[in-house]
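One file, data32.pdb, carrying PDB, C-alpha atoms, pLDDT in the B column:
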```pdb
ATOM      1  CA  MET A   1      26.356-164.199 -32.622  1.00 50.00           C
ATOM      2  CA  SER A   2      28.723-161.666 -34.197  1.00 65.00           C
ATOM      3  CA  ILE A   3      29.843-160.323 -30.792  1.00 70.00           C
ATOM      4  CA  GLN A   4      30.536-163.848 -29.543  1.00 68.00           C
ATOM      5  CA  ALA A   5      32.537-164.680 -32.693  1.00 64.00           C
ATOM      6  CA  ASP A   6      34.509-161.443 -32.259  1.00 72.00           C
ATOM      7  CA  ARG A   7      35.361-162.317 -28.630  1.00 73.00           C
ATOM      8  CA  SER A   8      36.379-165.822 -29.613  1.00 74.00           C
ATOM      9  CA  GLY A   9      38.610-164.419 -32.358  1.00 74.00           C
ATOM     10  CA  ARG A  10      40.241-161.984 -29.937  1.00 80.00           C
ATOM     11  CA  ARG A  11      40.920-164.753 -27.422  1.00 81.00           C
ATOM     12  CA  ALA A  12      42.479-166.922 -30.112  1.00 78.00           C
ATOM     13  CA  SER A  13      44.591-163.989 -31.300  1.00 81.00           C
ATOM     14  CA  ALA A  14      45.724-163.187 -27.737  1.00 85.00           C
ATOM     15  CA  LYS A  15      46.584-166.835 -27.155  1.00 83.00           C
ATOM     16  CA  ARG A  16      48.576-166.948 -30.389  1.00 79.00           C
ATOM     17  CA  ARG A  17      50.503-163.786 -29.412  1.00 84.00           C
ATOM     18  CA  ARG A  18      51.218-165.260 -25.973  1.00 88.00           C
ATOM     19  CA  LEU A  19      52.467-168.492 -27.529  1.00 83.00           C
ATOM     20  CA  ILE A  20      54.664-166.555 -29.953  1.00 82.00           C
ATOM     21  CA  GLY A  21      56.123-164.568 -27.062  1.00 87.00           C
ATOM     22  CA  LEU A  22      56.733-167.726 -25.030  1.00 88.00           C
ATOM     23  CA  GLY A  23      58.266-169.421 -28.056  1.00 83.00           C
ATOM     24  CA  LEU A  24      60.643-166.545 -28.657  1.00 84.00           C
ATOM     25  CA  LEU A  25      61.547-166.480 -24.961  1.00 91.00           C
ATOM     26  CA  ARG A  26      62.198-170.229 -25.052  1.00 89.00           C
ATOM     27  CA  SER A  27      64.419-169.773 -28.118  1.00 87.00           C
ATOM     28  CA  LEU A  28      66.325-166.950 -26.445  1.00 91.00           C
ATOM     29  CA  VAL A  29      66.891-169.019 -23.298  1.00 93.00           C
ATOM     30  CA  THR A  30      68.027-171.979 -25.401  1.00 90.00           C
ATOM     31  CA  THR A  31      70.491-169.786 -27.294  1.00 91.00           C
ATOM     32  CA  VAL A  32      71.850-168.316 -24.049  1.00 95.00           C
ATOM     33  CA  VAL A  33      72.306-171.824 -22.628  1.00 95.00           C
ATOM     34  CA  LEU A  34      74.075-172.990 -25.808  1.00 94.00           C
ATOM     35  CA  VAL A  35      76.421-169.989 -25.810  1.00 96.00           C
ATOM     36  CA  GLY A  36      77.080-170.507 -22.101  1.00 97.00           C
ATOM     37  CA  ALA A  37      77.907-174.162 -22.738  1.00 95.00           C
ATOM     38  CA  TYR A  38      80.222-173.128 -25.580  1.00 96.00           C
ATOM     39  CA  TYR A  39      82.193-170.878 -23.249  1.00 97.00           C
ATOM     40  CA  LEU A  40      82.218-173.327 -20.307  1.00 96.00           C
ATOM     41  CA  LEU A  41      82.800-176.751 -21.879  1.00 94.00           C
ATOM     42  CA  PRO A  42      86.402-178.006 -21.979  1.00 93.00           C
ATOM     43  CA  LEU A  43      86.774-177.760 -25.751  1.00 91.00           C
ATOM     44  CA  ASP A  44      90.551-177.634 -25.540  1.00 85.00           C
ATOM     45  CA  HIS A  45      90.527-181.348 -24.623  1.00 87.00           C
ATOM     46  CA  ILE A  46      89.088-182.420 -27.989  1.00 88.00           C
ATOM     47  CA  SER A  47      91.708-184.675 -29.547  1.00 84.00           C
ATOM     48  CA  SER A  48      90.017-185.539 -32.852  1.00 89.00           C
ATOM     49  CA  VAL A  49      88.428-182.447 -34.340  1.00 90.00           C
ATOM     50  CA  PRO A  50      87.075-184.173 -37.499  1.00 90.00           C
ATOM     51  CA  LEU A  51      85.436-186.906 -35.442  1.00 93.00           C
ATOM     52  CA  ALA A  52      83.950-184.399 -32.994  1.00 92.00           C
ATOM     53  CA  LEU A  53      82.683-182.228 -35.872  1.00 93.00           C
ATOM     54  CA  ALA A  54      81.133-185.203 -37.673  1.00 94.00           C
ATOM     55  CA  GLY A  55      79.468-186.349 -34.441  1.00 94.00           C
ATOM     56  CA  GLY A  56      78.174-182.851 -33.791  1.00 93.00           C
ATOM     57  CA  LEU A  57      76.768-182.588 -37.313  1.00 93.00           C
ATOM     58  CA  LEU A  58      74.982-185.931 -36.887  1.00 95.00           C
ATOM     59  CA  ILE A  59      73.471-184.711 -33.604  1.00 93.00           C
ATOM     60  CA  LEU A  60      72.443-181.477 -35.344  1.00 92.00           C
ATOM     61  CA  LEU A  61      70.824-183.454 -38.168  1.00 92.00           C
ATOM     62  CA  ALA A  62      68.943-185.664 -35.699  1.00 94.00           C
ATOM     63  CA  GLY A  63      67.777-182.544 -33.854  1.00 91.00           C
ATOM     64  CA  ALA A  64      66.588-180.963 -37.106  1.00 89.00           C
ATOM     65  CA  VAL A  65      64.615-184.098 -38.004  1.00 92.00           C
ATOM     66  CA  TRP A  66      63.035-184.083 -34.538  1.00 93.00           C
ATOM     67  CA  GLN A  67      62.192-180.382 -34.964  1.00 90.00           C
ATOM     68  CA  LEU A  68      60.537-181.071 -38.327  1.00 89.00           C
ATOM     69  CA  ARG A  69      58.352-183.758 -36.780  1.00 92.00           C
ATOM     70  CA  ALA A  70      57.448-181.361 -33.957  1.00 90.00           C
ATOM     71  CA  ILE A  71      56.475-178.697 -36.515  1.00 88.00           C
ATOM     72  CA  THR A  72      54.132-181.028 -38.365  1.00 90.00           C
ATOM     73  CA  ARG A  73      52.422-181.983 -35.084  1.00 90.00           C
ATOM     74  CA  ALA A  74      52.285-178.531 -33.516  1.00 87.00           C
ATOM     75  CA  ARG A  75      49.077-176.657 -32.931  1.00 84.00           C
ATOM     76  CA  TYR A  76      50.764-173.513 -34.296  1.00 82.00           C
ATOM     77  CA  PRO A  77      53.316-174.844 -36.791  1.00 87.00           C
ATOM     78  CA  ALA A  78      54.689-171.431 -37.819  1.00 83.00           C
ATOM     79  CA  VAL A  79      55.520-170.595 -34.190  1.00 82.00           C
ATOM     80  CA  ARG A  80      57.195-173.964 -33.771  1.00 85.00           C
ATOM     81  CA  ALA A  81      59.202-173.436 -36.986  1.00 85.00           C
ATOM     82  CA  VAL A  82      60.531-170.102 -35.732  1.00 82.00           C
ATOM     83  CA  GLN A  83      61.549-171.796 -32.478  1.00 85.00           C
ATOM     84  CA  ALA A  84      63.230-174.590 -34.408  1.00 87.00           C
ATOM     85  CA  LEU A  85      65.247-172.193 -36.553  1.00 84.00           C
ATOM     86  CA  ALA A  86      66.132-170.058 -33.535  1.00 84.00           C
ATOM     87  CA  THR A  87      67.600-173.169 -31.899  1.00 87.00           C
ATOM     88  CA  THR A  88      69.131-174.946 -34.890  1.00 89.00           C
ATOM     89  CA  VAL A  89      71.057-172.002 -36.373  1.00 90.00           C
ATOM     90  CA  PRO A  90      72.898-171.043 -33.150  1.00 93.00           C
ATOM     91  CA  LEU A  91      73.714-174.706 -32.537  1.00 93.00           C
ATOM     92  CA  PHE A  92      75.098-174.965 -36.076  1.00 95.00           C
ATOM     93  CA  LEU A  93      77.255-171.864 -35.615  1.00 96.00           C
ATOM     94  CA  LEU A  94      78.504-172.924 -32.184  1.00 96.00           C
ATOM     95  CA  LEU A  95      79.406-176.350 -33.530  1.00 96.00           C
ATOM     96  CA  PHE A  96      81.750-174.833 -36.119  1.00 97.00           C
ATOM     97  CA  ALA A  97      83.081-172.277 -33.642  1.00 96.00           C
ATOM     98  CA  SER A  98      83.957-175.179 -31.350  1.00 96.00           C
ATOM     99  CA  ALA A  99      85.747-176.936 -34.199  1.00 95.00           C
ATOM    100  CA  TYR A 100      87.770-173.825 -35.068  1.00 95.00           C
ATOM    101  CA  PHE A 101      88.668-173.247 -31.424  1.00 96.00           C
ATOM    102  CA  ALA A 102      89.802-176.860 -31.035  1.00 94.00           C
ATOM    103  CA  MET A 103      91.781-176.707 -34.297  1.00 94.00           C
ATOM    104  CA  ALA A 104      93.560-173.565 -33.117  1.00 93.00           C
ATOM    105  CA  ARG A 105      94.425-175.323 -29.841  1.00 92.00           C
ATOM    106  CA  VAL A 106      95.820-178.362 -31.678  1.00 90.00           C
ATOM    107  CA  SER A 107      97.929-176.177 -33.969  1.00 91.00           C
ATOM    108  CA  PRO A 108      97.958-172.357 -33.895  1.00 90.00           C
ATOM    109  CA  ALA A 109      99.329-172.486 -37.461  1.00 92.00           C
ATOM    110  CA  ASN A 110      95.852-173.493 -38.709  1.00 94.00           C
ATOM    111  CA  PHE A 111      94.835-169.820 -38.754  1.00 95.00           C
ATOM    112  CA  SER A 112      96.547-166.602 -39.789  1.00 92.00           C
ATOM    113  CA  THR A 113      96.319-164.992 -36.395  1.00 84.00           C
ATOM    114  CA  HIS A 114      97.376-165.921 -32.887  1.00 77.00           C
ATOM    115  CA  ALA A 115      95.766-168.870 -31.153  1.00 83.00           C
ATOM    116  CA  LEU A 116      92.045-168.251 -31.434  1.00 92.00           C
ATOM    117  CA  THR A 117      90.052-167.524 -28.321  1.00 95.00           C
ATOM    118  CA  ARG A 118      86.494-168.800 -28.108  1.00 96.00           C
ATOM    119  CA  THR A 119      85.237-165.347 -29.041  1.00 97.00           C
ATOM    120  CA  ASP A 120      87.633-165.229 -32.024  1.00 96.00           C
ATOM    121  CA  ALA A 121      86.372-168.621 -33.188  1.00 96.00           C
ATOM    122  CA  LEU A 122      82.734-167.566 -32.840  1.00 97.00           C
ATOM    123  CA  TYR A 123      83.448-164.295 -34.663  1.00 96.00           C
ATOM    124  CA  PHE A 124      85.212-166.203 -37.457  1.00 96.00           C
ATOM    125  CA  THR A 125      82.274-168.623 -37.756  1.00 96.00           C
ATOM    126  CA  VAL A 126      79.712-165.828 -37.993  1.00 96.00           C
ATOM    127  CA  THR A 127      81.757-163.937 -40.614  1.00 95.00           C
ATOM    128  CA  ILE A 128      81.826-167.097 -42.728  1.00 95.00           C
ATOM    129  CA  PHE A 129      78.102-167.731 -42.206  1.00 94.00           C
ATOM    130  CA  SER A 130      77.191-164.160 -43.103  1.00 90.00           C
ATOM    131  CA  THR A 131      79.617-164.214 -46.076  1.00 86.00           C
ATOM    132  CA  VAL A 132      81.231-161.009 -44.833  1.00 87.00           C
ATOM    133  CA  GLY A 133      84.756-162.416 -44.494  1.00 81.00           C
ATOM    134  CA  PHE A 134      86.739-159.415 -43.260  1.00 87.00           C
ATOM    135  CA  GLY A 135      90.055-161.244 -43.753  1.00 87.00           C
ATOM    136  CA  ASP A 136      91.452-160.506 -40.307  1.00 92.00           C
ATOM    137  CA  ILE A 137      91.289-164.227 -39.498  1.00 94.00           C
ATOM    138  CA  THR A 138      91.859-166.693 -42.312  1.00 94.00           C
ATOM    139  CA  ALA A 139      92.314-170.429 -42.592  1.00 95.00           C
ATOM    140  CA  VAL A 140      95.935-171.186 -43.485  1.00 95.00           C
ATOM    141  CA  SER A 141      96.403-174.948 -43.215  1.00 95.00           C
ATOM    142  CA  GLN A 142      94.795-177.395 -45.614  1.00 96.00           C
ATOM    143  CA  SER A 143      92.714-178.973 -42.846  1.00 94.00           C
ATOM    144  CA  ALA A 144      91.417-175.590 -41.667  1.00 95.00           C
ATOM    145  CA  ARG A 145      90.571-174.606 -45.231  1.00 96.00           C
ATOM    146  CA  LEU A 146      88.734-177.887 -45.672  1.00 96.00           C
ATOM    147  CA  VAL A 147      86.615-177.314 -42.547  1.00 96.00           C
ATOM    148  CA  VAL A 148      85.877-173.734 -43.667  1.00 96.00           C
ATOM    149  CA  THR A 149      84.847-175.043 -47.093  1.00 96.00           C
ATOM    150  CA  VAL A 150      82.547-177.591 -45.461  1.00 95.00           C
ATOM    151  CA  GLN A 151      80.987-174.818 -43.381  1.00 96.00           C
ATOM    152  CA  MET A 152      80.475-172.623 -46.461  1.00 95.00           C
ATOM    153  CA  LEU A 153      78.755-175.466 -48.318  1.00 94.00           C
ATOM    154  CA  LEU A 154      76.607-176.329 -45.307  1.00 93.00           C
ATOM    155  CA  ASP A 155      75.763-172.623 -44.887  1.00 91.00           C
ATOM    156  CA  LEU A 156      74.376-172.574 -48.415  1.00 90.00           C
ATOM    157  CA  LEU A 157      72.559-175.838 -47.796  1.00 87.00           C
ATOM    158  CA  ALA A 158      71.145-174.615 -44.473  1.00 82.00           C
ATOM    159  CA  LEU A 159      70.021-171.297 -45.907  1.00 80.00           C
ATOM    160  CA  GLY A 160      68.574-172.693 -49.098  1.00 81.00           C
ATOM    161  CA  LEU A 161      67.319-176.183 -48.422  1.00 79.00           C
ATOM    162  CA  GLY A 162      67.008-175.975 -44.633  1.00 75.00           C
ATOM    163  CA  ILE A 163      64.649-173.024 -44.549  1.00 78.00           C
ATOM    164  CA  ARG A 164      62.681-174.477 -47.461  1.00 82.00           C
ATOM    165  CA  VAL A 165      62.208-177.747 -45.556  1.00 82.00           C
ATOM    166  CA  PHE A 166      61.017-175.922 -42.419  1.00 78.00           C
ATOM    167  CA  VAL A 167      58.561-173.832 -44.463  1.00 82.00           C
ATOM    168  CA  GLY A 168      57.356-177.000 -46.198  1.00 84.00           C
ATOM    169  CA  ALA A 169      56.743-178.619 -42.807  1.00 84.00           C
ATOM    170  CA  VAL A 170      54.640-175.623 -41.756  1.00 84.00           C
ATOM    171  CA  GLN A 171      52.604-175.806 -44.957  1.00 86.00           C
ATOM    172  CA  MET A 172      52.112-179.546 -44.551  1.00 86.00           C
ATOM    173  CA  ALA A 173      50.974-179.106 -40.946  1.00 84.00           C
ATOM    174  CA  ARG A 174      48.500-176.428 -41.966  1.00 83.00           C
ATOM    175  CA  GLN A 175      47.089-178.635 -44.714  1.00 86.00           C
ATOM    176  CA  GLN A 176      46.725-181.554 -42.307  1.00 83.00           C
ATOM    177  CA  ALA A 177      44.864-179.280 -39.895  1.00 73.00           C
ATOM    178  CA  ARG A 178      42.044-178.723 -42.392  1.00 64.00           C
ATOM    179  CA  PRO A 179      39.306-181.345 -42.348  1.00 57.00           C
ATOM    180  CA  ALA A 180      38.632-182.821 -45.772  1.00 49.00           C
ATOM    181  CA  THR A 181      34.915-181.996 -45.441  1.00 49.00           C
ATOM    182  CA  ASP A 182      35.436-178.271 -44.844  1.00 49.00           C
ATOM    183  CA  PRO A 183      37.888-176.772 -47.359  1.00 51.00           C
ATOM    184  CA  GLY A 184      36.830-173.253 -46.341  1.00 52.00           C
ATOM    185  CA  ILE A 185      38.937-173.203 -43.142  1.00 50.00           C
ATOM    186  CA  PRO A 186      41.754-170.670 -43.510  1.00 53.00           C
ATOM    187  CA  PRO A 187      45.330-172.001 -43.205  1.00 52.00           C
ATOM    188  CA  ASP A 188      45.930-169.850 -40.079  1.00 53.00           C
ATOM    189  CA  GLN A 189      43.314-171.804 -38.154  1.00 51.00           C
ATOM    190  CA  PRO A 190      44.952-173.458 -35.114  1.00 50.00           C
ATOM    191  CA  ARG A 191      45.302-177.222 -35.026  1.00 47.00           C
ATOM    192  CA  GLN A 192      43.201-179.234 -32.614  1.00 48.00           C
ATOM    193  CA  GLU A 193      46.029-181.296 -31.096  1.00 47.00           C
ATOM    194  CA  ARG A 194      47.538-181.015 -27.603  1.00 45.00           C
ATOM    195  CA  ASP A 195      50.952-179.601 -28.511  1.00 53.00           C
ATOM    196  CA  GLU A 196      50.712-175.857 -27.983  1.00 54.00           C
ATOM    197  CA  THR A 197      53.820-174.845 -29.920  1.00 57.00           C
TER     198      THR A 197
END
```
Rewrite the structure of this file - the entire thing - as structure tokens.
Amino acid sequence: MSIQADRSGRRASAKRRRLIGLGLLRSLVTTVVLVGAYYLLPLDHISSVPLALAGGLLILLAGAVWQLRAITRARYPAVRAVQALATTVPLFLLLFASAYFAMARVSPANFSTHALTRTDALYFTVTIFSTVGFGDITAVSQSARLVVTVQMLLDLLALGLGIRVFVGAVQMARQQARPATDPGIPPDQPRQERDET
């Protein structure tokens, strides 16, 4: 009986490692596709940056809600949460990079440097997100400063509340996975539903 339980445990552990690897690969592919889209989409044709940014943030919010529901229904909620964060954070950053790029195209005077390239806009976005702020690119116009301020506030919200919500969804999914009649099941026990990740 002990040997059979050990084999079953090893198979479950190998399956979990495989799912984690596939989840990370899926997240990497998604990020590469998002970055590719950022560099290929005709962002210089955006006429209303505030409207495009608001629409993008609503899409991001809807995607985050969908991800939270997927986490609570996943067989391995922690794996699904990592995938969700690995997709949501790059999308968030690329959304603001797109806004900065479009703002620089509308008026180069929005920023302290020459007209921003897509790489400059992405670099600027990441320096704001990471709170490094080297100062080589700064927002000069009132509208650019307003968008940067919105990003800073949303960065704090995403880092503080966003991660807390994803962790809460994992905990809720793990609690739902335990049958009420058997409280001795550890929280790492996989769920019995169809969704693998």
(message) As an exercise, work out the distance from atom CA of Leu41 of chain A to atom CA of Ala70 of chain A in Å and give it to one decimal place.
(response) 28.5 Å
(request) Return the single residue from A:Ile20, A:Leu53, A:Ala14, A:Leu146 that is closest to Val82 of chain A, with distances computed using all atoms listed in the file. (result)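 Nearest to Val82 of chain A: A:Ile20.
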(request) Choose the residue, out of A:Val126, A:Leu93, A:Ile71, A:Tyr76, that has the smallest atom-to-atom separation from Lys15 of chain A; count all atoms listed in the file. (result)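 Using all atoms listed in the file, the shortest distance to Lys15 of chain A belongs to A:Tyr76.
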(request) Between A:Ala109, A:Ala104, A:Ala74, A:Val147, single out the one closest to Leu43 of chain A, counting all atoms listed in the file. (result) A:Ala104
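Distances from A:Ala81, A:Leu116, A:Ala139, A:Ala37 to Gln67 of chain A were compared using all atoms listed in the file, and the smallest one belongs to A:Ala81.
Going from atom CA of Phe96 of chain A over to atom CA of Ala144 of chain A, you cover 11.2 Å.
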(request) For atom CA of Leu95 of chain A and atom CA of Val49 of chain A, determine how far apart the two atoms are, in Å to one decimal place. (result)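 One can read the atom CA of Leu95 of chain A to atom CA of Val49 of chain A distance as 10.9 Å.
Using all atoms listed in the file, the smallest distance between any of A:Ser27, A:Gln176, A:Thr72, A:Asn110 and Ser141 of chain A comes from A:Asn110.
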(request) Using all atoms listed in the file, find all polymer residues with an atom at most 12 Å away from the point (70.7, -177.4, -45.6); report them as a list in words. (result) Leu57, Leu60, Leu61, Ala64, Val65, Leu85, Thr88, Val89, Phe92, Val150, Gln151, Met152, Leu153, Leu154, Asp155, Leu156, Leu157, Ala158, Leu159, Gly160, Leu161, Gly162, Ile163, Arg164, Val165 and Phe166 of chain A
(message) Nearest residue to Phe124 of chain A out of A:Ala86, A:Val148, A:Val106, A:Leu34, using all atoms listed in the file?
(response)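 Smallest distance to Phe124 of chain A is found for A:Val148.
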(message) Quick check on the file I pasted: which residues fall under the PyMOL selection byres ((chain A and resi 114) around 12)? Write them as a PyMOL selection string.
(response) chain A and resi 101+104-105+107-113+115-117+120-121+136-140
C-alpha atoms of segment 122-187 of chain A from block above, as a compact mmCIF listing (two decimals), in the first residue's frame:
```txt
# COMPACT_ATOMS: atom_id res chain seq x y z
CA LEU A 122 8.09 50.72 -23.50
CA TYR A 123 11.29 51.65 -21.64
CA PHE A 124 9.56 54.72 -20.15
CA THR A 125 6.58 52.59 -19.06
CA VAL A 126 8.77 50.00 -17.35
CA THR A 127 10.83 52.67 -15.54
CA ILE A 128 7.59 54.12 -14.17
CA PHE A 129 6.26 50.68 -13.21
CA SER A 130 9.49 49.72 -11.47
CA THR A 131 9.70 53.18 -9.80
CA VAL A 132 13.25 53.59 -11.08
CA GLY A 133 12.61 56.79 -13.05
CA PHE A 134 16.04 57.57 -14.50
CA GLY A 135 14.89 61.01 -15.71
CA ASP A 136 16.16 60.65 -19.26
CA ILE A 137 12.56 60.71 -20.51
CA THR A 138 10.05 62.80 -18.60
CA ALA A 139 6.47 63.88 -19.13
CA VAL A 140 6.39 67.60 -19.93
CA SER A 141 2.83 68.46 -20.96
CA GLN A 142 -0.07 68.44 -18.53
CA SER A 143 -1.81 65.62 -20.41
CA ALA A 144 1.32 63.45 -20.40
CA ARG A 145 1.83 64.10 -16.70
CA LEU A 146 -1.78 63.15 -16.06
CA VAL A 147 -1.40 59.82 -17.91
CA VAL A 148 1.86 59.12 -16.04
CA THR A 149 0.10 59.88 -12.74
CA VAL A 150 -2.72 57.51 -13.66
CA GLN A 151 -0.17 54.81 -14.46
CA MET A 152 1.63 55.36 -11.13
CA LEU A 153 -1.64 55.06 -9.21
CA LEU A 154 -2.68 51.98 -11.16
CA ASP A 155 0.80 50.49 -10.61
CA LEU A 156 0.29 50.78 -6.87
CA LEU A 157 -3.21 49.38 -7.19
CA ALA A 158 -2.05 46.50 -9.40
CA LEU A 159 0.85 45.63 -7.13
CA GLY A 160 -1.05 45.93 -3.89
CA LEU A 161 -4.66 45.04 -4.53
CA GLY A 162 -4.22 43.10 -7.77
CA ILE A 163 -1.81 40.52 -6.41
CA ARG A 164 -3.86 40.25 -3.22
CA VAL A 165 -6.99 39.49 -5.25
CA PHE A 166 -5.21 36.80 -7.29
CA VAL A 167 -3.82 35.19 -4.11
CA GLY A 168 -7.30 35.35 -2.56
CA ALA A 169 -8.73 33.58 -5.61
CA VAL A 170 -6.15 30.80 -5.22
CA GLN A 171 -6.99 30.41 -1.53
CA MET A 172 -10.71 30.35 -2.29
CA ALA A 173 -10.23 27.71 -4.99
CA ARG A 174 -8.20 25.56 -2.63
CA GLN A 175 -10.85 25.82 0.07
CA GLN A 176 -13.58 24.89 -2.40
CA ALA A 177 -11.55 21.85 -3.45
CA ARG A 178 -11.77 20.34 0.04
CA PRO A 179 -14.88 18.28 0.71
CA ALA A 180 -16.73 19.38 3.83
CA THR A 181 -16.65 15.81 5.19
CA ASP A 182 -12.86 15.46 5.03
CA PRO A 183 -11.10 18.51 6.52
CA GLY A 184 -7.80 16.60 6.59
CA ILE A 185 -7.07 17.08 2.86
CA PRO A 186 -4.06 19.37 2.43
CA PRO A 187 -4.61 22.61 0.48
```
